[in-house]
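Undergrad: One structure follows; several queries about it will come next.
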Amino acid sequence: VNGGVQGTLLLSRSTAQDLAAQHMDRLHGARKLMLVLDLDHTLVHATCDAMARAIADERYNKFHKNEDGQVVNQMDVYDFRLGPTNRHFIKVREHLAEFFRAVAPLFEIKVY
């Protein structure tokens, strides 16, 4: 193992192979497969399109309490800014939470 460039970790080929084998053994022991999911356009939709403002605007979003009593955004649309002018919008895919609850016992989930 080496330090490499700041913020990186360099592994020898044999160390990487050993770690991969250990990971596969752990998955095999847990009787799980690995499920790899793409974040953008699979789990969420992301855009900086100005038309998304109407959806993200609070007066269009509906809030309610879930079964745990938490207040949630019913439409699952959120916005954030990158810098002073770059407004972006995220729409969480419908039924995503239920999907994760269903597959979590069966798979080790990786999101990229």
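All residue names refer to the structure tokens as shown: chains lettered A, B, ... in order, residues numbered from 1 in each chain, ligands numbered from 1 in order.
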If we count only C-alpha atoms and set the cut-off at 12 Å, which residues sit around Asp40 (chain A), ignoring sequence neighbours fewer than 6 positions away in its own chain? Please answer as a CSV table (one decimal) with all heavy atoms, in the first residue's frame.

TA:
chain,number,residue,atom,x,y,z
A,46,ALA,N,-31.7,13.9,-12.4
A,46,ALA,CA,-31.0,15.2,-12.0
A,46,ALA,C,-31.0,16.1,-13.3
A,46,ALA,O,-30.8,15.6,-14.4
A,46,ALA,CB,-29.6,15.0,-11.6
A,47,THR,N,-31.3,17.4,-13.0
A,47,THR,CA,-31.3,18.3,-14.1
A,47,THR,C,-31.1,19.7,-13.6
A,47,THR,O,-31.3,20.0,-12.5
A,47,THR,CB,-32.7,18.3,-14.9
A,47,THR,OG1,-32.6,19.2,-16.0
A,47,THR,CG2,-33.9,18.7,-14.0
A,89,PHE,N,-31.9,20.3,-9.8
A,89,PHE,CA,-33.1,19.7,-9.3
A,89,PHE,C,-32.9,18.2,-9.3
A,89,PHE,O,-32.3,17.6,-10.2
A,89,PHE,CB,-34.3,20.0,-10.1
A,89,PHE,CG,-34.5,21.5,-10.2
A,89,PHE,CD1,-33.9,22.2,-11.2
A,89,PHE,CD2,-35.2,22.2,-9.2
A,89,PHE,CE1,-34.1,23.6,-11.3
A,89,PHE,CE2,-35.4,23.6,-9.3
A,89,PHE,CZ,-34.8,24.3,-10.3
A,90,ILE,N,-33.3,17.5,-8.2
A,90,ILE,CA,-33.2,16.1,-8.1
A,90,ILE,C,-34.7,15.5,-7.9
A,90,ILE,O,-35.4,16.0,-7.0
A,90,ILE,CB,-32.4,15.7,-6.9
A,90,ILE,CG1,-31.0,16.2,-7.0
A,90,ILE,CG2,-32.4,14.2,-6.7
A,90,ILE,CD1,-30.2,15.6,-8.1
A,91,LYS,N,-35.0,14.5,-8.7
A,91,LYS,CA,-36.3,13.8,-8.5
A,91,LYS,C,-36.0,12.4,-8.2
A,91,LYS,O,-35.4,11.7,-9.0
A,91,LYS,CB,-37.2,13.9,-9.8
A,91,LYS,CG,-38.4,13.0,-9.8
A,91,LYS,CD,-39.6,13.6,-9.3
A,91,LYS,CE,-40.8,12.8,-9.5
A,91,LYS,NZ,-41.1,11.8,-8.5
A,92,VAL,N,-36.4,12.0,-7.0
A,92,VAL,CA,-36.2,10.6,-6.6
A,92,VAL,C,-37.2,9.7,-7.3
A,92,VAL,O,-38.4,10.0,-7.4
A,92,VAL,CB,-36.3,10.4,-5.1
A,92,VAL,CG1,-36.2,9.0,-4.7
A,92,VAL,CG2,-35.3,11.3,-4.4
A,93,ARG,N,-36.8,8.6,-7.9
A,93,ARG,CA,-37.6,7.7,-8.6
A,93,ARG,C,-38.7,7.2,-7.7
A,93,ARG,O,-38.5,6.9,-6.5
A,93,ARG,CB,-36.8,6.5,-9.2
A,93,ARG,CG,-37.6,5.6,-10.0
A,93,ARG,CD,-37.4,5.3,-11.3
A,93,ARG,NE,-36.3,5.6,-12.2
A,93,ARG,CZ,-36.5,5.8,-13.4
A,93,ARG,NH1,-37.7,5.8,-13.9
A,93,ARG,NH2,-35.5,6.0,-14.2
A,111,VAL,N,-23.9,1.7,-5.3
A,111,VAL,CA,-24.4,2.8,-6.2
A,111,VAL,C,-23.2,3.5,-6.7
A,111,VAL,O,-22.3,3.9,-6.0
A,111,VAL,CB,-25.3,3.7,-5.3
A,111,VAL,CG1,-25.8,4.9,-6.2
A,111,VAL,CG2,-26.5,3.0,-4.8
A,112,TYR,N,-23.2,3.8,-8.0
A,112,TYR,CA,-22.2,4.6,-8.6
A,112,TYR,C,-22.8,5.7,-9.5
A,112,TYR,O,-23.9,5.7,-9.8
A,112,TYR,CB,-21.2,3.7,-9.5
A,112,TYR,CG,-21.8,3.2,-10.8
A,112,TYR,CD1,-21.4,3.9,-11.9
A,112,TYR,CD2,-22.6,2.1,-10.8
A,112,TYR,CE1,-22.0,3.5,-13.2
A,112,TYR,CE2,-23.1,1.7,-12.1
A,112,TYR,CZ,-22.8,2.4,-13.2
A,112,TYR,OH,-23.3,1.9,-14.4

Undergrad: Just to confirm, what's the straight-line distance from CA of Asp68 (chain A) to CA of His95 (chain A) in Å (one decimal)?

TA: 16.4 Å

Undergrad: So how far away is CA of Asp18 (chain A) from CA of Ala104 (chain A), in Å?

TA: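 Separating CA of Ala104 (chain A) from CA of Asp18 (chain A) is a distance of 25.6 Å.
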
Undergrad: Would you mind writing down, as a count of residues only, each residue of region 64-111 of chain A that DSSP on the backbone assigns to strand (DSSP E or B)?

TA: 23
